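Input: a single structure, listed below in structure tokens.
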Amino acid sequence: MTATPGRLPDPYGSGGGANLADILERVLDKGVVIAGDIKINLLDIELLTIKLRLIVASVDKAREMGIDWWENDPALSSGAHRGELAQENAELRRRIEELEGRESLEPAEKESRERHQ
């Protein structure tokens, strides 16, 4: 640590050390994973377990690692909402076709019943 009179010590040194932007760029480029578990026990009985996983990385790095959950979350992606709407639209079209098919069969069923009576 370096210190100047009247100033607090500088833990990173003051001679061309990495600044915050450089550190952040390295972290986002490589990615950092922080993992931990919290367990609460009472008399050797496990009451609660919380598993924490934190990944800090750029979007490109996350995609490289196969992480893309934000693309399918409607709260985070307009594309995901469009996908939901397309799925709902397809389901409604299928139901309409099914109902229209029943409607066209009903008159034919009536005629066949009248013939048999």
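Going through the structure tokens in order, the chains are called A, B, and so on, while each chain numbers its residues from 1 and the ligands are numbered from 1 in the order shown.
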
Checklist line | Long-range neighbours of stretch 30-46 of chain A as a list in words, 8 Å cut-off, only C-alpha atoms, 3 positions minimum in chain | finding: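 The residues that qualify are Arg26, Val27, Thr49, Ile50, Lys51, Leu52, Arg53, Leu54, Ile55, Val56, Ala57, Ser58 and Lys61 of chain A.
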
Next item on the list: Take atom CA of A:Ser77 and atom CA of A:Ala21 and report the distance between them in Å, one decimal.
Entry: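 Atom CA of A:Ala21 lies 27.5 Å from atom CA of A:Ser77.
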
Check: Per DSSP on the backbone, what are the strand (DSSP E) residues of stretch 45-84 of chain A, as a VMD selection string?
Finding: chain A and resid 45 to 56

Please save N, CA, C and O atoms of the selected residues as a PDB file, in the first residue's frame.
ATOM      1  N   ILE A  45     -32.215 -30.891  12.508  1.00  0.00           N
ATOM      2  CA  ILE A  45     -33.283 -31.010  11.516  1.00  0.00           C
ATOM      3  C   ILE A  45     -33.132 -29.845  10.554  1.00  0.00           C
ATOM      4  O   ILE A  45     -33.144 -28.686  10.959  1.00  0.00           O
ATOM      5  N   GLU A  46     -32.983 -30.186   9.297  1.00  0.00           N
ATOM      6  CA  GLU A  46     -32.808 -29.129   8.302  1.00  0.00           C
ATOM      7  C   GLU A  46     -34.147 -28.444   8.044  1.00  0.00           C
ATOM      8  O   GLU A  46     -35.103 -29.067   7.604  1.00  0.00           O
ATOM      9  N   LEU A  47     -34.207 -27.153   8.341  1.00  0.00           N
ATOM     10  CA  LEU A  47     -35.440 -26.398   8.158  1.00  0.00           C
ATOM     11  C   LEU A  47     -35.494 -25.680   6.818  1.00  0.00           C
ATOM     12  O   LEU A  47     -36.549 -25.578   6.196  1.00  0.00           O
ATOM     13  N   LEU A  48     -34.348 -25.174   6.385  1.00  0.00           N
ATOM     14  CA  LEU A  48     -34.337 -24.360   5.177  1.00  0.00           C
ATOM     15  C   LEU A  48     -32.979 -24.461   4.500  1.00  0.00           C
ATOM     16  O   LEU A  48     -31.945 -24.425   5.158  1.00  0.00           O
ATOM     17  N   THR A  49     -32.991 -24.616   3.192  1.00  0.00           N
ATOM     18  CA  THR A  49     -31.758 -24.599   2.412  1.00  0.00           C
ATOM     19  C   THR A  49     -31.944 -23.611   1.278  1.00  0.00           C
ATOM     20  O   THR A  49     -32.938 -23.680   0.554  1.00  0.00           O
ATOM     21  N   ILE A  50     -31.029 -22.699   1.146  1.00  0.00           N
ATOM     22  CA  ILE A  50     -31.047 -21.726   0.060  1.00  0.00           C
ATOM     23  C   ILE A  50     -29.755 -21.894  -0.719  1.00  0.00           C
ATOM     24  O   ILE A  50     -28.676 -21.823  -0.146  1.00  0.00           O
ATOM     25  N   LYS A  51     -29.892 -22.143  -1.998  1.00  0.00           N
ATOM     26  CA  LYS A  51     -28.711 -22.278  -2.853  1.00  0.00           C
ATOM     27  C   LYS A  51     -28.607 -21.020  -3.702  1.00  0.00           C
ATOM     28  O   LYS A  51     -29.539 -20.694  -4.430  1.00  0.00           O
ATOM     29  N   LEU A  52     -27.498 -20.340  -3.590  1.00  0.00           N
ATOM     30  CA  LEU A  52     -27.273 -19.108  -4.329  1.00  0.00           C
ATOM     31  C   LEU A  52     -26.222 -19.337  -5.402  1.00  0.00           C
ATOM     32  O   LEU A  52     -25.166 -19.893  -5.124  1.00  0.00           O
ATOM     33  N   ARG A  53     -26.513 -18.913  -6.598  1.00  0.00           N
ATOM     34  CA  ARG A  53     -25.557 -18.969  -7.690  1.00  0.00           C
ATOM     35  C   ARG A  53     -25.603 -17.622  -8.392  1.00  0.00           C
ATOM     36  O   ARG A  53     -26.669 -17.164  -8.795  1.00  0.00           O
ATOM     37  N   LEU A  54     -24.479 -16.985  -8.528  1.00  0.00           N
ATOM     38  CA  LEU A  54     -24.396 -15.683  -9.180  1.00  0.00           C
ATOM     39  C   LEU A  54     -23.345 -15.756 -10.264  1.00  0.00           C
ATOM     40  O   LEU A  54     -22.211 -16.163 -10.006  1.00  0.00           O
ATOM     41  N   ILE A  55     -23.730 -15.405 -11.466  1.00  0.00           N
ATOM     42  CA  ILE A  55     -22.797 -15.388 -12.581  1.00  0.00           C
ATOM     43  C   ILE A  55     -22.735 -13.959 -13.096  1.00  0.00           C
ATOM     44  O   ILE A  55     -23.765 -13.365 -13.416  1.00  0.00           O
ATOM     45  N   VAL A  56     -21.549 -13.411 -13.143  1.00  0.00           N
ATOM     46  CA  VAL A  56     -21.340 -12.074 -13.690  1.00  0.00           C
ATOM     47  C   VAL A  56     -20.539 -12.254 -14.971  1.00  0.00           C
ATOM     48  O   VAL A  56     -19.402 -12.711 -14.934  1.00  0.00           O
TER      49      VAL A  56
END
